[in-house]
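J.: Compact mmCIF, C-alpha atoms, saved as query-v4.txt, coming up:
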# COMPACT_ATOMS: atom_id res chain seq x y z
CA MET O 1 7.76 2.73 -20.90
CA ASN O 2 10.90 1.15 -19.43
CA HIS O 3 10.66 3.59 -16.54
CA LEU O 4 7.70 1.55 -15.28
CA ILE O 5 9.98 -1.40 -14.51
CA PRO O 6 11.68 -1.06 -11.11
CA ARG O 7 15.48 -1.08 -11.07
CA SER O 8 16.04 -0.38 -7.37
CA PHE O 9 14.02 0.75 -4.37
CA LEU O 10 14.17 4.39 -5.38
CA SER O 11 13.16 3.61 -8.95
CA GLN O 12 10.11 1.54 -8.10
CA LEU O 13 6.75 2.83 -9.20
CA LEU O 14 3.89 2.78 -6.83
CA LEU O 15 0.16 2.92 -6.88
CA SER O 16 -1.56 4.08 -3.75
CA THR O 17 -3.98 6.53 -2.24
CA THR O 18 -1.07 7.38 0.06
CA LEU O 19 1.28 7.85 -2.90
CA PHE O 20 3.93 5.23 -2.24
CA ALA O 21 6.46 5.52 -5.05
CA GLY O 22 10.08 6.04 -6.04
CA ALA O 23 12.38 6.96 -8.87
CA THR O 24 15.96 8.10 -9.24
CA LEU O 25 16.44 11.83 -9.72
CA THR O 26 18.33 12.54 -12.93
CA PRO O 27 21.50 14.55 -12.21
CA GLY O 28 22.14 17.81 -13.97
CA LEU O 29 18.63 19.22 -13.78
CA LEU O 30 19.99 22.64 -12.91
CA ASN O 31 21.58 24.98 -15.39
CA ARG O 32 25.33 24.62 -14.77
CA PRO O 33 26.34 28.32 -14.67
CA ALA O 34 23.60 29.07 -12.15
CA GLN O 35 24.32 26.04 -10.02
CA ALA O 36 26.78 27.69 -7.64
CA SER O 37 24.44 30.53 -6.70
CA PHE O 38 21.50 28.12 -6.47
CA GLN O 39 23.28 25.59 -4.28
CA ASP O 40 22.22 26.98 -0.90
CA SER O 41 19.01 28.62 -2.07
CA PRO O 42 15.52 27.33 -1.19
CA LYS O 43 14.83 27.73 -4.91
CA VAL O 44 16.89 24.65 -5.75
CA VAL O 45 14.08 22.33 -4.58
CA ILE O 46 11.50 24.35 -6.52
CA ASP O 47 13.54 24.12 -9.71
CA GLU O 48 14.12 20.38 -9.34
CA ALA O 49 10.45 19.72 -8.69
CA TRP O 50 9.27 21.94 -11.55
CA GLN O 51 11.53 20.23 -14.06
CA LEU O 52 10.44 16.76 -12.98
CA VAL O 53 6.79 17.67 -13.44
CA ASN O 54 7.59 19.36 -16.74
CA ARG O 55 9.28 16.19 -18.02
CA GLU O 56 7.07 13.44 -16.62
CA TYR O 57 3.57 14.62 -15.74
CA VAL O 58 0.86 12.56 -17.42
CA ASP O 59 -1.06 15.57 -18.74
CA PRO O 60 1.16 17.51 -21.18
CA THR O 61 -1.22 20.51 -20.93
CA PHE O 62 -0.67 20.65 -17.15
CA ASN O 63 -4.41 21.00 -16.54
CA GLN O 64 -4.51 23.84 -19.10
CA LYS O 65 -2.09 25.87 -16.98
CA ASP O 66 0.96 27.78 -18.27
CA TRP O 67 3.62 25.69 -16.56
CA GLN O 68 6.44 27.93 -17.86
CA ALA O 69 4.81 31.00 -16.34
CA ILE O 70 4.38 29.13 -13.05
CA ARG O 71 8.12 28.43 -13.02
CA GLN O 72 8.98 32.07 -13.66
CA ASP O 73 6.68 33.16 -10.86
CA LEU O 74 8.15 30.65 -8.39
CA LEU O 75 11.76 31.52 -9.15
CA SER O 76 11.19 35.29 -9.20
CA ARG O 77 10.25 35.35 -5.52
CA ASP O 78 12.55 35.66 -2.51
CA TYR O 79 12.19 32.94 0.14
CA SER O 80 13.34 33.49 3.70
CA SER O 81 13.33 29.76 4.48
CA LYS O 82 12.99 26.32 2.94
CA GLU O 83 9.57 26.01 4.55
CA GLN O 84 8.38 29.11 2.72
CA ALA O 85 9.61 27.64 -0.58
CA TYR O 86 7.93 24.32 0.26
CA ASP O 87 4.60 26.10 0.78
CA ALA O 88 4.91 27.95 -2.52
CA LEU O 89 5.68 24.70 -4.34
CA ARG O 90 2.68 22.97 -2.80
CA LEU O 91 0.39 25.80 -3.97
CA ALA O 92 1.83 25.59 -7.49
CA LEU O 93 1.25 21.84 -7.66
CA LYS O 94 -2.36 22.31 -6.57
CA GLN O 95 -2.98 24.05 -9.89
CA LEU O 96 -2.63 20.64 -11.58
CA ASP O 97 -5.80 19.57 -9.75
CA ASP O 98 -4.19 16.18 -9.07
CA PRO O 99 -4.07 15.15 -5.39
CA TYR O 100 -1.57 12.42 -6.23
CA THR O 101 1.11 14.78 -7.55
CA ARG O 102 2.49 16.31 -4.40
CA PHE O 103 5.57 17.59 -2.60
CA MET O 104 6.86 15.93 0.58
CA ASP O 105 9.13 17.61 3.10
CA PRO O 106 12.08 15.53 4.44
CA LYS O 107 10.11 14.08 7.35
CA GLN O 108 7.18 13.06 5.12
CA PHE O 109 9.55 11.57 2.55
CA GLU O 110 11.36 9.57 5.22
CA VAL O 111 8.07 8.10 6.44
CA LEU O 112 7.07 7.22 2.88
CA ASN O 113 10.40 5.45 2.26
CA SER O 114 9.88 3.35 5.39
CA GLN O 115 6.37 2.41 4.25
CA THR O 116 7.35 1.42 0.74
CA SER O 117 10.43 -0.50 1.81
CA GLY O 118 8.28 -2.55 4.20
CA GLU O 119 10.90 -1.97 6.85
CA LEU O 120 11.52 0.36 9.76
CA SER O 121 14.10 0.88 12.45
CA GLY O 122 12.51 0.44 15.83
CA VAL O 123 11.66 -2.13 18.48
CA GLY O 124 8.87 -4.02 16.72
CA ILE O 125 5.57 -3.30 18.46
CA ARG O 126 2.14 -2.44 17.09
CA LEU O 127 0.35 0.11 19.25
CA GLU O 128 -3.23 1.21 19.67
CA LEU O 129 -4.96 3.71 21.93
CA ASP O 130 -7.22 1.77 24.26
CA SER O 131 -10.72 3.22 23.82
CA GLN O 132 -11.59 2.81 27.49
CA THR O 133 -8.38 3.56 29.42
CA LYS O 134 -6.96 5.99 26.80
CA THR O 135 -3.54 4.43 27.30
CA LEU O 136 -1.19 3.29 24.56
CA THR O 137 -1.40 -0.49 24.45
CA ILE O 138 0.66 -3.09 22.61
CA VAL O 139 -1.49 -4.92 20.06
CA GLU O 140 1.34 -7.35 19.40
CA PRO O 141 5.13 -7.55 19.43
CA LEU O 142 6.37 -8.49 15.96
CA PRO O 143 8.05 -11.92 15.72
CA ASN O 144 11.83 -11.92 16.33
CA SER O 145 11.79 -8.20 17.12
CA PRO O 146 13.68 -6.59 20.03
CA ALA O 147 10.35 -6.21 21.85
CA ALA O 148 9.48 -9.89 21.45
CA LYS O 149 12.96 -10.98 22.55
CA GLU O 150 12.68 -8.85 25.70
CA GLY O 151 9.33 -10.41 26.60
CA LEU O 152 6.88 -7.60 25.86
CA LYS O 153 3.35 -8.93 25.50
CA THR O 154 0.02 -8.12 23.88
CA GLY O 155 -1.92 -5.94 26.32
CA ASP O 156 1.15 -4.32 27.90
CA ARG O 157 0.74 -0.57 28.31
CA VAL O 158 3.47 1.83 27.19
CA LEU O 159 3.48 4.49 29.91
CA ALA O 160 6.63 6.40 28.98
CA VAL O 161 9.34 6.55 26.32
CA ASN O 162 12.82 7.51 27.57
CA GLY O 163 11.20 8.95 30.68
CA LYS O 164 8.63 11.02 28.78
CA SER O 165 5.05 10.19 29.74
CA THR O 166 2.82 8.99 26.90
CA LYS O 167 -0.30 10.36 28.57
CA GLY O 168 -2.26 12.30 25.94
CA MET O 169 -0.07 11.08 23.08
CA THR O 170 -1.42 9.66 19.86
CA VAL O 171 -0.09 6.41 18.42
CA ASP O 172 1.87 8.44 15.85
CA ASP O 173 3.38 10.66 18.55
CA ALA O 174 4.62 7.67 20.54
CA SER O 175 5.78 5.78 17.46
CA SER O 176 7.94 8.71 16.34
CA LEU O 177 9.68 8.63 19.74
CA ILE O 178 10.13 4.85 19.71
CA ARG O 179 11.52 4.69 16.17
CA GLY O 180 15.12 5.67 15.64
CA GLN O 181 18.43 4.74 14.12
CA GLU O 182 19.32 1.06 14.10
CA GLY O 183 21.61 0.17 17.03
CA THR O 184 20.48 3.02 19.28
CA LYS O 185 18.77 2.53 22.65
CA VAL O 186 15.29 3.36 23.89
CA VAL O 187 13.70 2.67 27.27
CA LEU O 188 9.98 1.91 27.56
CA ARG O 189 8.09 2.17 30.84
CA ILE O 190 5.63 -0.73 30.84
CA GLY O 191 2.43 -1.34 32.78
CA ARG O 192 1.23 -4.94 32.98
CA SER O 193 -1.82 -6.39 34.69
CA GLY O 194 -0.88 -8.01 37.99
CA ALA O 195 2.61 -6.47 38.08
CA SER O 196 4.29 -3.25 39.14
CA GLU O 197 5.43 -0.83 36.47
CA PHE O 198 8.88 -1.64 35.07
CA ASP O 199 11.39 -0.33 32.54
CA VAL O 200 12.48 -2.29 29.48
CA PRO O 201 15.67 -1.13 27.72
CA LEU O 202 15.61 -2.02 24.02
CA THR O 203 18.09 -1.71 21.16
CA ARG O 204 16.47 -0.56 17.93
CA ALA O 205 16.84 -2.88 14.94
CA ARG O 206 15.84 -3.05 11.29
CA ILE O 207 12.45 -4.78 11.18
CA GLU O 208 10.61 -6.23 8.22
CA LEU O 209 6.95 -5.34 8.52
CA GLN O 210 4.41 -8.09 8.03
CA THR O 211 2.01 -6.98 5.33
CA VAL O 212 0.67 -10.52 4.81
CA ARG O 213 -1.09 -12.54 7.50
CA TYR O 214 -2.62 -15.94 6.92
CA ASN O 215 -4.13 -19.02 8.54
CA VAL O 216 -6.25 -22.07 7.82
CA LYS O 217 -9.97 -21.91 8.57
CA GLN O 218 -12.18 -24.98 8.72
CA GLU O 219 -15.61 -23.88 7.50
CA GLY O 220 -17.84 -26.98 7.50
CA LYS O 221 -16.30 -29.40 5.02
CA ARG O 222 -14.27 -26.64 3.42
CA ARG O 223 -10.64 -25.99 4.34
CA ILE O 224 -10.00 -22.31 3.59
CA GLY O 225 -6.64 -20.60 3.22
CA TYR O 226 -7.35 -17.07 4.48
CA ILE O 227 -4.79 -14.40 3.48
CA ARG O 228 -5.00 -10.73 4.45
CA LEU O 229 -2.75 -8.30 2.57
CA SER O 230 -2.51 -4.84 4.15
CA GLU O 231 -0.34 -3.06 1.55
CA PHE O 232 1.92 -3.71 -1.44
CA SER O 233 5.35 -3.04 0.08
CA SER O 234 8.66 -4.30 -1.30
CA HIS O 235 8.34 -7.44 0.86
CA ALA O 236 4.68 -8.13 0.03
CA ALA O 237 5.34 -10.49 -2.89
CA ASP O 238 7.79 -12.65 -0.95
CA GLN O 239 5.42 -12.78 2.01
CA MET O 240 2.49 -13.68 -0.26
CA ARG O 241 4.49 -16.46 -1.92
CA GLN O 242 5.34 -17.90 1.48
CA ALA O 243 1.70 -17.67 2.59
CA ILE O 244 0.35 -19.49 -0.48
CA ARG O 245 2.96 -22.24 -0.28
CA SER O 246 2.43 -22.75 3.46
CA LEU O 247 -1.34 -22.97 3.07
CA LEU O 248 -1.02 -25.42 0.16
CA ALA O 249 1.20 -27.59 2.36
CA GLU O 250 -1.66 -27.64 4.87
CA LYS O 251 -3.99 -29.04 2.18
CA VAL O 252 -6.43 -26.15 1.84
CA ASP O 253 -9.03 -26.61 -0.91
CA SER O 254 -9.69 -22.92 -1.65
CA PHE O 255 -8.55 -19.39 -0.77
CA VAL O 256 -9.97 -16.09 0.47
CA LEU O 257 -7.75 -13.08 -0.28
CA ASP O 258 -8.70 -10.08 1.87
CA LEU O 259 -7.77 -6.70 0.34
CA ARG O 260 -10.18 -4.60 2.39
CA GLY O 261 -8.61 -1.36 3.59
CA ASN O 262 -5.51 -1.92 1.44
CA PRO O 263 -4.48 1.51 0.03
CA GLY O 264 -2.07 0.12 -2.57
CA GLY O 265 1.69 0.42 -2.91
CA LEU O 266 4.30 -0.83 -5.34
CA LEU O 267 3.16 -1.50 -8.90
CA GLN O 268 5.68 -4.31 -9.28
CA ALA O 269 4.35 -6.03 -6.15
CA SER O 270 0.82 -6.06 -7.58
CA ILE O 271 2.13 -7.61 -10.82
CA GLU O 272 4.14 -10.30 -9.03
CA ILE O 273 1.23 -11.21 -6.78
CA SER O 274 -1.19 -11.34 -9.72
CA ARG O 275 1.13 -13.84 -11.39
CA MET O 276 0.99 -16.08 -8.32
CA TRP O 277 -2.75 -16.56 -8.90
CA MET O 278 -2.96 -16.40 -12.72
CA ASP O 279 -1.18 -18.61 -15.24
CA GLN O 280 -2.20 -16.58 -18.28
CA GLY O 281 -4.05 -13.44 -19.30
CA SER O 282 -3.51 -9.69 -19.12
CA ILE O 283 -2.92 -8.05 -15.74
CA VAL O 284 -2.93 -4.31 -16.53
CA LYS O 285 -2.32 -1.79 -19.30
CA THR O 286 -0.61 1.55 -18.66
CA VAL O 287 -0.71 4.62 -20.91
CA ASP O 288 1.77 7.50 -20.57
CA ARG O 289 1.59 11.21 -21.50
CA LYS O 290 2.53 10.52 -25.12
CA GLY O 291 -0.11 7.82 -25.53
CA GLY O 292 2.48 5.06 -25.36
CA SER O 293 1.03 1.93 -23.82
CA GLU O 294 2.42 -1.16 -22.16
CA GLU O 295 0.41 -4.29 -21.39
CA ILE O 296 1.66 -6.51 -18.60
CA ALA O 297 0.54 -10.14 -18.56
CA ALA O 298 0.78 -13.33 -16.54
CA ASN O 299 3.74 -15.56 -17.39
CA ARG O 300 2.68 -19.09 -16.44
CA THR O 301 4.16 -18.94 -12.95
CA ALA O 302 0.95 -19.37 -10.92
CA LEU O 303 1.36 -21.18 -7.61
CA THR O 304 -2.21 -22.49 -7.48
CA ASN O 305 -5.40 -22.81 -9.50
CA LEU O 306 -7.62 -23.56 -6.50
CA PRO O 307 -10.88 -21.58 -6.20
CA LEU O 308 -10.36 -18.02 -5.00
CA ALA O 309 -12.59 -15.31 -3.54
CA VAL O 310 -11.36 -11.73 -3.08
CA LEU O 311 -12.72 -9.34 -0.45
CA VAL O 312 -12.70 -5.59 -1.21
CA ASP O 313 -14.21 -2.38 0.12
CA LYS O 314 -14.23 1.35 -0.61
CA ASN O 315 -10.69 1.66 0.78
CA SER O 316 -9.22 -0.99 -1.52
CA ALA O 317 -7.27 1.22 -3.91
CA SER O 318 -4.63 1.42 -6.63
CA SER O 319 -2.47 -1.74 -6.50
CA SER O 320 -5.38 -3.47 -4.79
CA GLU O 321 -7.51 -2.53 -7.78
CA ILE O 322 -4.84 -3.70 -10.24
CA LEU O 323 -4.88 -7.15 -8.60
CA THR O 324 -8.66 -7.25 -8.20
CA GLY O 325 -9.26 -6.12 -11.79
CA ALA O 326 -6.88 -8.73 -13.15
CA LEU O 327 -8.47 -11.56 -11.18
CA LYS O 328 -12.02 -10.46 -11.96
CA ASP O 329 -11.60 -9.74 -15.68
CA ASN O 330 -9.79 -13.06 -16.21
CA LYS O 331 -12.54 -14.84 -14.25
CA ARG O 332 -9.92 -16.21 -11.90
CA ALA O 333 -11.74 -15.12 -8.75
CA THR O 334 -15.11 -14.10 -7.38
CA VAL O 335 -14.92 -10.58 -5.95
CA VAL O 336 -17.07 -9.95 -2.87
CA GLY O 337 -17.74 -6.74 -0.94
CA SER O 338 -18.17 -3.04 -1.72
CA GLN O 339 -17.20 -0.87 -4.69
CA THR O 340 -13.47 -0.13 -4.60
CA PHE O 341 -11.85 3.31 -4.32
CA GLY O 342 -11.32 4.14 -8.00
CA LYS O 343 -7.71 5.29 -8.45
CA ALA O 344 -6.35 4.53 -11.92
CA LEU O 345 -3.13 6.55 -11.89
CA VAL O 346 0.54 5.63 -11.55
CA GLN O 347 3.04 7.77 -9.66
CA SER O 348 6.80 7.86 -9.41
CA VAL O 349 8.47 9.52 -6.45
CA HIS O 350 11.79 11.35 -6.75
CA PRO O 351 14.19 12.43 -4.02
CA LEU O 352 14.95 16.15 -4.02
CA SER O 353 17.69 18.24 -2.46
CA GLY O 354 17.73 18.43 1.31
CA GLY O 355 15.92 15.10 1.80
CA ALA O 356 12.55 16.21 0.38
CA GLY O 357 10.62 14.26 -2.25
CA LEU O 358 8.10 14.67 -5.06
CA ALA O 359 5.34 12.33 -6.24
CA VAL O 360 4.46 12.75 -9.92
CA THR O 361 1.57 11.11 -11.78
CA ILE O 362 3.14 9.62 -14.91
CA ALA O 363 0.57 7.21 -16.35
CA HIS O 364 -3.05 6.07 -16.44
CA TYR O 365 -3.94 2.40 -16.13
CA TYR O 366 -6.78 0.19 -17.38
CA THR O 367 -7.98 -3.26 -16.30
CA PRO O 368 -7.55 -6.22 -18.72
CA ASN O 369 -11.01 -5.60 -20.22
CA GLY O 370 -10.02 -2.00 -20.98
CA THR O 371 -12.06 -0.55 -18.12
CA ASP O 372 -11.11 2.87 -16.77
CA ILE O 373 -11.93 2.65 -13.06
CA SER O 374 -10.99 6.26 -12.28
CA HIS O 375 -13.45 7.72 -9.76
CA LYS O 376 -15.67 4.64 -10.24
CA GLY O 377 -13.77 1.74 -8.78
CA ILE O 378 -14.42 -1.94 -9.43
CA GLU O 379 -17.86 -3.38 -8.81
CA PRO O 380 -17.65 -6.75 -7.05
CA ASN O 381 -19.27 -9.85 -8.56
CA VAL O 382 -21.17 -10.10 -5.27
CA VAL O 383 -22.01 -6.67 -3.85
CA LEU O 384 -22.41 -6.72 -0.08
CA ASP O 385 -22.07 -3.40 1.74
CA LEU O 386 -21.60 -3.41 5.49
CA SER O 387 -23.78 -1.26 7.71
CA THR O 388 -22.15 1.43 9.83
CA ASP O 389 -22.55 -0.76 12.92
CA GLN O 390 -21.00 -3.76 11.15
CA GLN O 391 -18.04 -1.67 10.00
CA ARG O 392 -17.51 -0.26 13.47
CA LYS O 393 -17.65 -3.74 15.00
CA LEU O 394 -15.11 -5.24 12.58
CA TYR O 395 -12.62 -2.41 12.38
CA THR O 396 -12.50 -1.68 16.10
CA ASN O 397 -11.79 -5.37 16.64
CA PRO O 398 -9.70 -6.57 13.65
CA LYS O 399 -9.55 -10.08 15.08
CA LEU O 400 -13.15 -10.51 13.88
CA LEU O 401 -12.11 -10.03 10.23
CA GLY O 402 -12.22 -13.32 8.36
CA THR O 403 -14.45 -15.00 10.95
CA LEU O 404 -18.13 -15.92 11.12
CA GLU O 405 -18.67 -12.46 12.67
CA ASP O 406 -17.69 -10.98 9.29
CA PRO O 407 -20.64 -10.89 6.81
CA GLN O 408 -18.47 -10.35 3.73
CA TYR O 409 -16.23 -13.28 4.64
CA ILE O 410 -19.31 -15.49 5.13
CA ARG O 411 -20.51 -14.50 1.66
CA ALA O 412 -17.09 -15.33 0.20
CA ILE O 413 -17.33 -18.83 1.68
CA ALA O 414 -20.77 -19.22 0.10
CA ALA O 415 -19.31 -18.15 -3.27
CA LEU O 416 -16.58 -20.78 -2.95
CA ASP O 417 -19.21 -23.40 -2.16
CA GLN O 418 -21.09 -22.42 -5.33
CA ILE O 419 -17.90 -22.83 -7.38
CA ALA O 420 -17.26 -26.26 -5.88
CA ASN O 421 -20.84 -27.37 -6.51
CA SER O 422 -20.66 -26.10 -10.10
CA LYS O 423 -17.45 -28.00 -10.78
CA SER O 424 -18.92 -31.13 -9.23
CA SER O 425 -22.03 -30.87 -11.43
CA ASN O 426 -19.91 -30.44 -14.57
CA GLN O 427 -17.85 -33.50 -13.73
CA ASN O 428 -20.97 -35.56 -13.05
CA LEU O 429 -22.26 -34.54 -16.50
CA GLY O 430 -19.07 -35.86 -18.05
CA GLN O 431 -17.68 -32.44 -18.90
CA GLY O 432 -14.44 -33.05 -17.06
CA PRO O 433 -12.67 -30.68 -14.67
CA ALA O 434 -12.86 -26.95 -15.11
CA THR O 435 -10.23 -25.26 -17.24
CA ARG O 436 -7.23 -24.28 -15.16
CA GLY O 437 -7.61 -20.78 -13.74
CA LEU O 438 -11.12 -20.31 -15.14
CA LEU O 439 -13.43 -19.88 -12.18
CA ALA O 440 -17.03 -18.79 -11.99
CA GLN O 441 -17.67 -15.15 -11.20
For this file, produce the structure as structure tokens.
T.:
Amino acid sequence: MNHLIPRSFLSQLLLSTTLFAGATLTPGLLNRPAQASFQDSPKVVIDEAWQLVNREYVDPTFNQKDWQAIRQDLLSRDYSSKEQAYDALRLALKQLDDPYTRFMDPKQFEVLNSQTSGELSGVGIRLELDSQTKTLTIVEPLPNSPAAKEGLKTGDRVLAVNGKSTKGMTVDDASSLIRGQEGTKVVLRIGRSGASEFDVPLTRARIELQTVRYNVKQEGKRRIGYIRLSEFSSHAADQMRQAIRSLLAEKVDSFVLDLRGNPGGLLQASIEISRMWMDQGSIVKTVDRKGGSEEIAANRTALTNLPLAVLVDKNSASSSEILTGALKDNKRATVVGSQTFGKALVQSVHPLSGGAGLAVTIAHYYTPNGTDISHKGIEPNVVLDLSTDQQRKLYTNPKLLGTLEDPQYIRAIAALDQIANSKSSNQNLGQGPATRGLLAQ
């Protein structure tokens, strides 16, 4: 299963409900004599995609479908446009009954590449649609971004992009206008409280997205290192390493790792991050279409053995579940929150002709205890579901996450207190300190 080990960005495997993945397309998929006539045909993408699924798909029966007959049907048709071929390919893939094996047109594939790389070319602002004024508002300018350097502030309103009014636009609509090739210019019309409207010319730059945010929280006598990981991008492991080391330098005595709402991402990132918390033990086992398995384990490179609580919810998926399952099964952390999403499949994503892409499910994974979480998810050690009102309150105001307004966070602190009290009792009984990395569930 060497293909599970990333060699470059486009060969990295991903795990995510949004299908972040990558792999290098093998040249020579087309039959050589037919290549010339195929070159400009919409059928070239269909043939590439079909052969990739035929070679890699996790189910060799293709959901009991005649995959050869599907190919003949697809290539026997005449397509007046690439879009018509794209639609036919999407319908063919639906016969696999696997929502994670899917075709992406060039625009969708470009967005996916930006997400998985953890980078984008733009000006470095996070936008939201203000629920009251219905205007696009800057949540924050990213550190060291063009927006931050030009003095844009949290609360500024983006009224126009290159002279085009943003009235009625969604965040995605505006973001697609603001993003662009590195080095190009964009002008934002800004509204700011207490000031007249003004234009800010910005030069787009390559920006590393922050997927890890962290701070120290003093909760009574406890000094908590709170880390929130939003997705497993290519920069996530480096950012997590920096977060753990910075918090250790500030003398925290325990950690809360918040994976709520994290849809997943790169498989390799989940493995690297697991190893930061675990010195030994299995992390995950993958099984391919031929029944070949690979077990990936910790390698004695943990950065800390301090008590750890992990927060999850129904939207914690894929790579989030890899990490959560590893920490729970090895009794390295107490998991608090709601049942996780339940995605136990691995995808690779291949570039296709014309800038399109294809995600293909290539393996099934199991937690260290051999648990198949598919469609079931991981049950937390401490189950605490939020009410609809509590969810609405927290997720419409993300600043409340990881505070005393957050019931799941409060329960995580209580779990850490229980661990500390248990260790203290053991030491008082002459049992010595707890084994490294072995924490109460």
J.: Of the candidates O:Thr286, O:Gln347, O:Asn381, O:Gln339, which one gets nearest to Pro368 (chain O) if we count all atoms listed in the file?
T.: O:Thr286
J.: Ranking O:Ser282, O:Thr61, O:Ser233, O:Thr166 by minimum distance to Glu119 (chain O) and counting only C-alpha atoms, which one comes first?
T.: O:Ser233
J.: Just give me the gap between CA of Gln408 (chain O) and CA of Gly337 (chain O) in Å, one decimal is fine.
T.: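 So the two atoms, CA of Gln408 (chain O) and CA of Gly337 (chain O), lie 5.9 Å apart.
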J.: Considering only C-alpha atoms, return as a PyMOL selection string whatever protein or nucleic-acid residues lie within 12 Å of Ile378 (chain O), sequence-local ones (same chain, fewer than 2 positions apart) excluded.
T.: chain O and resi 311-318+320-329+335-344+366-367+369+371-376+380-383
J.: With distances taken over only C-alpha atoms, which of O:Asp105, O:Glu150, O:Asp417, O:Glu208 is nearest to Gly122 (chain O)?
T.: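 Smallest separation from Gly122 (chain O) among the options: O:Glu208.
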J.: Give me the residues within 8 Å of region 268-276 of chain O as a PyMOL selection string, counting all atoms listed in the file and dropping any in the same chain fewer than 3 places off.
T.: chain O and resi 5-6+12-14+232-234+236-237+240-241+265+279+283+296+298-304+319-320+322-323+326-327
J.: Hey, which of O:Lys43, O:Asp238, O:Ile138, O:Arg192 ends up closest to Gly118 (chain O)? Count only C-alpha atoms.
T.: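 Smallest distance to Gly118 (chain O) is found for O:Asp238.
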J.: Which of these residues is nearest to Met104 (chain O), using only C-alpha atoms: O:Ala85, O:Ala356, O:Leu159, O:Leu142?
T.: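 For Met104 (chain O), the nearest of the given residues is O:Ala356.
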J.: I need the residue nearest Asp173 (chain O) from this list: O:Glu83, O:Asp98, O:Asp156, O:Glu128. Use all atoms listed in the file for the distance.
T.: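 The shortest atom-to-atom distance to Asp173 (chain O) comes from O:Glu128.
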J.: Have a look at CA of Ile207 (chain O) and CA of Gln108 (chain O) and let me know their distance in Å, one decimal.
T.: 19.6 Å
J.: I'd like the neighbourhood of Arg90 (chain O) as JSON, numbers by chain, where a residue qualifies if any of its atoms comes within 8 Å (using all atoms listed in the file), though same-chain residues fewer than 3 positions away should be ignored.
T.: {"O": [86, 87, 93, 94, 102, 103]}
J.: Measure the distance from CA of Leu401 (chain O) to CA of Asp172 (chain O) in Å and round it to one decimal.
T.: 23.8 Å
J.: Show which residues sit within 12 Å of Lys164 (chain O), as a ChimeraX atom specification. Count all atoms listed in the file, and ignore same-chain residues fewer than 3 positions away.
T.: /O:158-161,167-169,173-174,177-178,186-189
J.: Which residues, written as JSON, numbers by chain, have at least one atom at most 12 Å from Asn397 (chain O), with only C-alpha atoms counted and residues fewer than 5 positions away on the same chain left out?
T.: {"O": [128, 130, 131, 139, 390, 391, 392, 402, 403, 405, 406]}
J.: Show me the residues around (7.1, 28.3, -9.8) - criterion: an atom at most 8 Å away, all atoms listed in the file counted - as a ChimeraX atom specification.
T.: /O:46-47,50,69-75,88-89,92
J.: Is it possible to add N, CA, C and O atoms to region 223-231 of chain O and hand it back as a compact mmCIF listing (two decimals), in the coordinates of the input?
T.:
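The resulting result-v7.txt:
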# COMPACT_ATOMS: atom_id res chain seq x y z
N ARG O 223 -11.89 -26.38 3.68
CA ARG O 223 -10.64 -25.99 4.34
C ARG O 223 -10.11 -24.75 3.60
O ARG O 223 -9.55 -24.85 2.50
N ILE O 224 -10.27 -23.59 4.23
CA ILE O 224 -10.00 -22.31 3.59
C ILE O 224 -8.61 -21.79 3.96
O ILE O 224 -8.24 -21.76 5.14
N GLY O 225 -7.86 -21.36 2.96
CA GLY O 225 -6.64 -20.60 3.22
C GLY O 225 -6.96 -19.12 3.20
O GLY O 225 -7.22 -18.56 2.13
N TYR O 226 -6.98 -18.50 4.37
CA TYR O 226 -7.35 -17.07 4.48
C TYR O 226 -6.06 -16.23 4.50
O TYR O 226 -5.16 -16.47 5.32
N ILE O 227 -5.97 -15.27 3.58
CA ILE O 227 -4.79 -14.40 3.48
C ILE O 227 -5.26 -12.95 3.50
O ILE O 227 -6.12 -12.55 2.71
N ARG O 228 -4.69 -12.17 4.40
CA ARG O 228 -5.00 -10.73 4.45
C ARG O 228 -3.74 -9.95 4.08
O ARG O 228 -2.68 -10.13 4.70
N LEU O 229 -3.85 -9.12 3.05
CA LEU O 229 -2.75 -8.30 2.57
C LEU O 229 -3.05 -6.84 2.88
O LEU O 229 -4.04 -6.29 2.39
N SER O 230 -2.20 -6.20 3.69
CA SER O 230 -2.51 -4.84 4.15
C SER O 230 -1.96 -3.75 3.24
O SER O 230 -2.51 -2.66 3.18
N GLU O 231 -0.86 -4.01 2.53
CA GLU O 231 -0.34 -3.06 1.55
C GLU O 231 0.71 -3.74 0.67
O GLU O 231 1.25 -4.78 1.02
